[in-house]
Every structure is written in C-alpha cells, then in structure tokens.
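> Below: one structure in structure tokens.
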Amino acid sequence: VFGSDVDASQSVASEIAALIRQRAAEGESCVLGLATGSTPVRVYRELIRIHREENLSMKHVVTFNLDEYFPMQPDAAQSYVRFMNEQLFDHVDIPRSSIHIPDGTIGRDGVDEYCQQYEDAINVAGGIDLQLLGIGRTGHVGFNEPGSEVDSATRLVELCDITRSDAANDFGGLDNTPELAITMGVGTILRSRRIRLLAFGQHKSAIVARSVQGEITDSVPATYLQGHDDVQFALDSAAASTLD
Ligand code: F6R
C-alpha cells in the first residue's frame with residue numbers, strides 16, 4: 001500500500017525498468033503484458049521518463065496487450081491501439097513489430113483462429129515476464145468477466161453491463177458501447193511469471209478486498225490471482241481501505 005497512486009506507479013515502473021535491464025544484460029528480450037484504462041497511465045508516463053532521462057532502451061521489449069473492444073478500428077478514438085500509441089508506444093523505442101494488441105477488425109468467422117494465434121505468439125516469445133493489470137468493478141482482469149474459467153485462453157467475450165456502463169462515457173452513451181471484446185484468458189494471465197495489479201481510489205476498495213481476501217470463485221475472476229506465486233497488488237490507501 002503506497003501513499004499515493006503516483007508512488008505506486010513509480011514503484012511498478014521502476015520494477016519494470018529493472019527487469020528490462022536485467023533481461024537485456026542476459027541477452028534476452030523482456031516480454032511485457034500491458035493493460036489500458038485510466039489506472040496504468042502513470043506507469044507508462046514514468047517509463048517514458050526513465051527511457052528519456054535514464055537511457056532505458058526498450059529495443060528488446062516485446063509487448064502483448066490484454067484486450068481490445070470488438071469490433072474496433074485501430075484509429076477510432078476509443079481503440080486500445082490508439083490508447084497505447086498515445087500513452088506509451090509513440091514515446092519509446094519498442095519496435096512496432098514487437099507490439100501485439102488484439103485486432104478488433106478481425107471478422108467474426110476468423111476470430112477463434114486469431115485468438116489461438118495470439119496465444120501461440122505469446123508462447124513463441126517465451127511467455128510473459130511481467131503482466132500489468134488493472135481491475136474492473138466486476139472483478140474482471142483483462143475482460144475476463146464473472147463466470148470466466150481459471151484455464152480460459154484468449155477469446156471473444158461478452159462484456160458485463162457494469163463494465164459497459166463504466167465505458168459508456170467514452171462511447172457517447174451505452175447504446176454505442178461495444179458488447180464484445182477480445183481478451184487474454186485467465187489461464188493466459190496466470191502463466192505470466194510476475195503479475196502486478198494496480199488499483200487506485202475508493203471505488204476500487206470493495207473489489208480489491210474481495211479479490212485479495214475473499215474465497216476463490218469464478219464470480220470474482222481476480223480471486224484466481226491468489227493461486228499465483230508472484231503476484232502483487234500496488235494500491236493507494238483509498239483502494240486498500242476495505243482490507244482487514
Ligand atoms: C484494460 C483492462 C481492464 C481494466 C479495468 C480497470 O486493458 O483489461 O481490465 O484494467 O477495467 O479500468 P480502469 O483502469 O479504467 O479503472
């Protein structure tokens with residue numbers, strides 16, 4: 001638990017920077033799983049600062065984003081491709097060919113095969129070294145909504161009403177908000193070697209407490225993280241306020 005969201009974000013960004021340097025020293029690429037939404041923005045800002053001011057090369061970083069709305073054009077205002085470009089990729093030296101974000105333009109017919117290819121690409125890259133997560137009010141990680149199975153893989157999912165209403169402002173109302181998304185699965189996330197979940201603000205405190213201290217259940221998919229042996233939640237005091 002950190003004094004502020006800024007402190008929490010700086011701590012996680014420093015850990016990521018150290019991991020990138022360590023993997024580079026070993027002659028290996030560093031595979032990062034990345035999240036969108038409001039929560040990780042300060043981590044990305046700090047990584048950009050470290051890249052610029054402390055000469056962090058990200059040339060050997062490979063990234064896999066958790067999710068994307070479906071359907072979604074990459075240049076749309078709400079696309080996660082656009083978000084990642086604006087928040088991180090346009091400001092660092094990760095090669096474009098090393099960046100992977102689920103493709104919201106894939107036709108419905110090809111989506112299952114596409115999702116399998118996304119899983120394969122993660123495996124070919126050597127698996128995810130560190131997965132960054134936020135958490136939704138439903139307890140989703142990625143877009144693994146309640147009911148998601150512990151061994152679920154990358155797939156097309158339906159978004160919950162709560163998740164859609166949380167996104168509705170960005171889409172100019174609920175009617176325009178996508179009902180579907182492509183997301184890495186819970187199983188995909190749990191295979192990451194380290195998991196760092198960030199949550200800030202009072203509105204996240206109830207779901208954080210259930211995720212950390214509640215019984216493991218598919219009705220709160222973030223509780224599955226309790227079964228991982230290298231997971232940390234980086235919280236501000238408001239998000240931690242419901243913990244015992
Ligand atoms: C985003 C994602 C989601 C968000 C979650 C929290 O890629 O996978 O699980 O992390 O919905 O969103 P914010 O950070 O906007 O509260």
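In the structure tokens, chains take the letters A, B, ... in the order shown, each chain's residues start at 1, and ligands count up from 1 in the order shown.
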With only C-alpha atoms as the counted atoms, please give the residues lying no more than 6 Å from range 146-162 of chain A, apart from itself and same-chain residues fewer than 3 positions off, as a ChimeraX atom specification.

/A:115,165,179-188,218-221

> Kindly compile the residues surrounding ligand 1 within 9 Å, counting only C-alpha atoms and all ligand atoms, and format them as a PyMOL selection string.

chain A and resi 34-41+65-68+80+132-145+163+166-167+183-184+197-200+204

> Identify all residues of range 13-223 of chain A in alpha helix (DSSP H) (DSSP on the backbone) and supply them as JSON, numbers by chain.

{"A": [13, 14, 15, 16, 17, 18, 19, 20, 21, 22, 23, 24, 25, 41, 42, 43, 44, 45, 46, 47, 48, 49, 50, 51, 52, 53, 80, 81, 82, 83, 84, 85, 86, 87, 111, 112, 113, 114, 115, 116, 117, 118, 119, 120, 121, 122, 123, 124, 161, 162, 163, 164, 165, 166, 167, 186, 187, 188, 189, 190, 205, 206, 207, 208, 209, 210, 211, 212, 213]}

> Please, what distance in Å, to one decimal, runs between CA of Arg210 in chain A and CA of Thr223 in chain A?

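About the pair CA of Arg210 in chain A and CA of Thr223 in chain A: they are 7.3 Å apart.
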
> Near Leu130 in chain A, within 7 Å and counting only C-alpha atoms, which residues show up once chain neighbours fewer than 5 positions away are dropped, as JSON, numbers by chain?

{"A": [31, 32, 33, 192, 193, 194, 195]}

> For the residues selected in the previous step, produce a file with N, CA and C atoms as a PDB file, in the first residue's frame.


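Wrote it out as result.pdb, contents follow:
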ATOM      1  N   VAL A  31       9.474  -9.659 -22.096  1.00  0.00           N
ATOM      2  CA  VAL A  31       8.106  -9.750 -22.613  1.00  0.00           C
ATOM      3  C   VAL A  31       7.147  -9.179 -21.568  1.00  0.00           C
ATOM      4  N   LEU A  32       6.484  -8.105 -21.943  1.00  0.00           N
ATOM      5  CA  LEU A  32       5.560  -7.426 -21.021  1.00  0.00           C
ATOM      6  C   LEU A  32       4.121  -7.622 -21.470  1.00  0.00           C
ATOM      7  N   GLY A  33       3.248  -7.922 -20.525  1.00  0.00           N
ATOM      8  CA  GLY A  33       1.805  -7.912 -20.762  1.00  0.00           C
ATOM      9  C   GLY A  33       1.278  -6.568 -20.286  1.00  0.00           C
ATOM     10  N   SER A 192       1.860 -15.900 -16.743  1.00  0.00           N
ATOM     11  CA  SER A 192       2.901 -14.860 -16.655  1.00  0.00           C
ATOM     12  C   SER A 192       3.775 -15.141 -15.440  1.00  0.00           C
ATOM     13  N   ARG A 193       5.072 -14.840 -15.555  1.00  0.00           N
ATOM     14  CA  ARG A 193       5.960 -15.157 -14.443  1.00  0.00           C
ATOM     15  C   ARG A 193       5.755 -14.206 -13.258  1.00  0.00           C
ATOM     16  N   ARG A 194       5.458 -12.944 -13.525  1.00  0.00           N
ATOM     17  CA  ARG A 194       5.110 -11.998 -12.440  1.00  0.00           C
ATOM     18  C   ARG A 194       3.821 -11.302 -12.834  1.00  0.00           C
ATOM     19  N   ILE A 195       2.989 -10.985 -11.846  1.00  0.00           N
ATOM     20  CA  ILE A 195       1.766 -10.237 -12.093  1.00  0.00           C
ATOM     21  C   ILE A 195       1.741  -9.034 -11.140  1.00  0.00           C
TER      22      ILE A 195
END

> Extract, using only C-alpha atoms, all DNA, RNA and protein residues at most 8 Å from Ser9 in chain A, discarding same-chain residues fewer than 4 positions from it, and format them as a ChimeraX atom specification.

/A:5,13,40,42-43,46,198,234

> Got a sec: who's within 12 Å of Gln202 in chain A, counting only C-alpha atoms, leaving out chain neighbours fewer than 6 positions off, as a list in words?

Asp5, Arg137, Val208, Ala209, Leu235, Asp236, Ser237, Ala238, Ala239, Ala240, Ser241, Thr242 and Leu243 of chain A

> Please save N, CA and C atoms of the selected residues as a compact mmCIF listing (two decimals), in the first residue's frame.


# COMPACT_ATOMS: atom_id res chain seq x y z
N ASP A 5 -1.19 7.19 -5.62
CA ASP A 5 -1.15 6.44 -6.88
C ASP A 5 0.16 6.72 -7.62
N ARG A 137 -14.79 -3.12 -11.76
CA ARG A 137 -15.70 -3.24 -10.61
C ARG A 137 -16.37 -4.60 -10.52
N VAL A 208 -11.20 -4.88 -4.49
CA VAL A 208 -9.83 -5.25 -4.09
C VAL A 208 -9.88 -6.17 -2.88
N ALA A 209 -10.68 -5.81 -1.88
CA ALA A 209 -10.76 -6.64 -0.67
C ALA A 209 -11.30 -8.03 -1.00
N LEU A 235 -1.45 -0.59 -4.39
CA LEU A 235 -2.68 0.15 -4.09
C LEU A 235 -2.36 1.51 -3.49
N ASP A 236 -3.27 2.46 -3.66
CA ASP A 236 -3.19 3.66 -2.83
C ASP A 236 -4.03 3.39 -1.58
N SER A 237 -3.98 4.30 -0.61
CA SER A 237 -4.65 3.98 0.66
C SER A 237 -6.16 3.89 0.50
N ALA A 238 -6.73 4.63 -0.45
CA ALA A 238 -8.19 4.56 -0.65
C ALA A 238 -8.58 3.18 -1.17
N ALA A 239 -7.84 2.64 -2.14
CA ALA A 239 -8.17 1.32 -2.69
C ALA A 239 -7.94 0.22 -1.66
N ALA A 240 -7.06 0.49 -0.68
CA ALA A 240 -6.76 -0.52 0.35
C ALA A 240 -7.67 -0.41 1.57
N SER A 241 -8.58 0.57 1.57
CA SER A 241 -9.29 0.92 2.81
C SER A 241 -10.28 -0.12 3.28
N THR A 242 -10.69 -1.06 2.45
CA THR A 242 -11.64 -2.09 2.88
C THR A 242 -10.95 -3.39 3.31
N LEU A 243 -9.62 -3.46 3.10
CA LEU A 243 -8.89 -4.66 3.52
C LEU A 243 -8.88 -4.77 5.03

> Report the distance between CA of Asn169 in chain A and CA of Met84 in chain A in Å, rounded to one decimal place.

19.1 Å

> For the structure I just gave you, how does DSSP split range 1-235 of chain A - specifically, which residues are strand (DSSP E)? Reply as a VMD selection string.

chain A and resid 30 to 34 61 to 65 67 to 70 99 to 100 130 to 133 155 to 158 180 to 183 194 to 199 231 to 235

> For the selection you just gave me, I'd like the residues written to a file as a tab-separated table (two decimals), in the first residue's frame, keeping N, CA and C atoms.


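Output contents, as saved in selection19.tsv:
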chain	number	residue	atom	x	y	z
A	30	CYS	N	12.61	-8.79	-23.14
A	30	CYS	CA	11.71	-8.74	-21.98
A	30	CYS	C	10.28	-8.70	-22.51
A	31	VAL	N	9.47	-9.66	-22.10
A	31	VAL	CA	8.11	-9.75	-22.61
A	31	VAL	C	7.15	-9.18	-21.57
A	32	LEU	N	6.48	-8.10	-21.94
A	32	LEU	CA	5.56	-7.43	-21.02
A	32	LEU	C	4.12	-7.62	-21.47
A	33	GLY	N	3.25	-7.92	-20.52
A	33	GLY	CA	1.80	-7.91	-20.76
A	33	GLY	C	1.28	-6.57	-20.29
A	34	LEU	N	0.54	-5.88	-21.13
A	34	LEU	CA	0.15	-4.50	-20.81
A	34	LEU	C	-1.36	-4.32	-20.75
A	61	VAL	N	12.23	-5.03	-25.97
A	61	VAL	CA	10.97	-5.31	-25.27
A	61	VAL	C	9.94	-5.81	-26.29
A	62	VAL	N	9.21	-6.84	-25.89
A	62	VAL	CA	8.10	-7.37	-26.69
A	62	VAL	C	6.84	-7.19	-25.84
A	63	THR	N	5.76	-6.70	-26.44
A	63	THR	CA	4.56	-6.45	-25.64
A	63	THR	C	3.34	-7.19	-26.19
A	64	PHE	N	2.50	-7.59	-25.25
A	64	PHE	CA	1.19	-8.18	-25.58
A	64	PHE	C	0.14	-7.46	-24.74
A	65	ASN	N	-0.78	-6.77	-25.39
A	65	ASN	CA	-1.86	-6.15	-24.63
A	65	ASN	C	-2.92	-7.17	-24.27
A	67	ASP	N	-6.27	-6.80	-24.12
A	67	ASP	CA	-7.61	-6.85	-24.69
A	67	ASP	C	-7.87	-5.71	-25.68
A	68	GLU	N	-8.97	-5.83	-26.38
A	68	GLU	CA	-9.44	-4.80	-27.31
A	68	GLU	C	-10.95	-5.00	-27.48
A	69	TYR	N	-11.65	-3.90	-27.63
A	69	TYR	CA	-13.08	-4.00	-27.94
A	69	TYR	C	-13.27	-4.66	-29.30
A	70	PHE	N	-14.46	-5.25	-29.50
A	70	PHE	CA	-14.75	-5.95	-30.75
A	70	PHE	C	-16.19	-5.64	-31.19
A	99	ILE	N	5.17	-5.24	-31.01
A	99	ILE	CA	3.96	-4.83	-30.29
A	99	ILE	C	2.78	-5.68	-30.76
A	100	HIS	N	2.04	-6.26	-29.81
A	100	HIS	CA	0.87	-7.07	-30.15
A	100	HIS	C	-0.33	-6.56	-29.35
A	130	LEU	N	6.33	-10.19	-17.20
A	130	LEU	CA	5.59	-9.40	-16.20
A	130	LEU	C	4.29	-8.91	-16.83
A	131	GLN	N	3.19	-9.22	-16.18
A	131	GLN	CA	1.87	-8.79	-16.65
A	131	GLN	C	1.35	-7.67	-15.75
A	132	LEU	N	1.05	-6.55	-16.36
A	132	LEU	CA	0.45	-5.42	-15.65
A	132	LEU	C	-1.08	-5.56	-15.75
A	133	LEU	N	-1.77	-5.34	-14.64
A	133	LEU	CA	-3.24	-5.45	-14.65
A	133	LEU	C	-3.87	-4.26	-13.94
A	155	ARG	N	-9.85	-15.14	-26.15
A	155	ARG	CA	-11.13	-15.47	-26.79
A	155	ARG	C	-12.01	-14.23	-26.90
A	156	LEU	N	-13.09	-14.38	-27.67
A	156	LEU	CA	-14.11	-13.33	-27.78
A	156	LEU	C	-15.06	-13.48	-26.60
A	157	VAL	N	-15.32	-12.37	-25.88
A	157	VAL	CA	-16.20	-12.44	-24.69
A	157	VAL	C	-17.28	-11.35	-24.76
A	158	GLU	N	-18.35	-11.59	-23.99
A	158	GLU	CA	-19.38	-10.56	-23.81
A	158	GLU	C	-19.03	-9.72	-22.60
A	180	LEU	N	-18.94	-6.66	-27.04
A	180	LEU	CA	-17.97	-7.75	-27.11
A	180	LEU	C	-16.54	-7.21	-27.02
A	181	ALA	N	-15.63	-8.10	-26.68
A	181	ALA	CA	-14.20	-7.75	-26.68
A	181	ALA	C	-13.40	-9.03	-26.90
A	182	ILE	N	-12.18	-8.86	-27.37
A	182	ILE	CA	-11.21	-9.97	-27.36
A	182	ILE	C	-10.35	-9.76	-26.13
A	183	THR	N	-10.17	-10.82	-25.33
A	183	THR	CA	-9.31	-10.69	-24.14
A	183	THR	C	-8.41	-11.91	-23.99
A	194	ARG	N	5.46	-12.94	-13.53
A	194	ARG	CA	5.11	-12.00	-12.44
A	194	ARG	C	3.82	-11.30	-12.83
A	195	ILE	N	2.99	-10.99	-11.85
A	195	ILE	CA	1.77	-10.24	-12.09
A	195	ILE	C	1.74	-9.03	-11.14
A	196	ARG	N	1.54	-7.85	-11.68
A	196	ARG	CA	1.44	-6.64	-10.86
A	196	ARG	C	0.12	-5.97	-11.19
A	197	LEU	N	-0.79	-5.95	-10.22
A	197	LEU	CA	-2.11	-5.34	-10.40
A	197	LEU	C	-2.12	-4.00	-9.69
A	198	LEU	N	-2.59	-2.99	-10.38
A	198	LEU	CA	-2.70	-1.65	-9.79
A	198	LEU	C	-4.17	-1.33	-9.57
A	199	ALA	N	-4.48	-0.70	-8.44
A	199	ALA	CA	-5.85	-0.22	-8.22
A	199	ALA	C	-5.80	1.02	-7.34
A	231	VAL	N	2.55	-12.58	-7.37
A	231	VAL	CA	1.57	-11.53	-7.68
A	231	VAL	C	1.61	-10.47	-6.59
A	232	GLN	N	1.56	-9.20	-6.99
A	232	GLN	CA	1.47	-8.11	-6.02
A	232	GLN	C	0.39	-7.14	-6.48
A	233	PHE	N	-0.36	-6.63	-5.51
A	233	PHE	CA	-1.31	-5.55	-5.77
A	233	PHE	C	-0.64	-4.27	-5.29
A	234	ALA	N	-0.54	-3.27	-6.14
A	234	ALA	CA	0.01	-1.96	-5.76
A	234	ALA	C	-1.17	-1.01	-5.62
A	235	LEU	N	-1.45	-0.59	-4.39
A	235	LEU	CA	-2.68	0.15	-4.09
A	235	LEU	C	-2.36	1.51	-3.49

> Go ahead and compute the interatomic distance for CA of Gly227 in chain A and CA of Ser211 in chain A, in Å to one decimal.

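Going from CA of Gly227 in chain A over to CA of Ser211 in chain A covers 11.3 Å.
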
> Using only C-alpha atoms for the distances, tell me which of A:Gly201, A:Gly104, A:Gly126, A:Pro95 is nearest to Met72 in chain A.

A:Gly104

> Within 12 Å of Lys59 in chain A, counting only C-alpha atoms, which residues qualify if same-chain residues fewer than 3 places away don't, as a count of residues only?

23
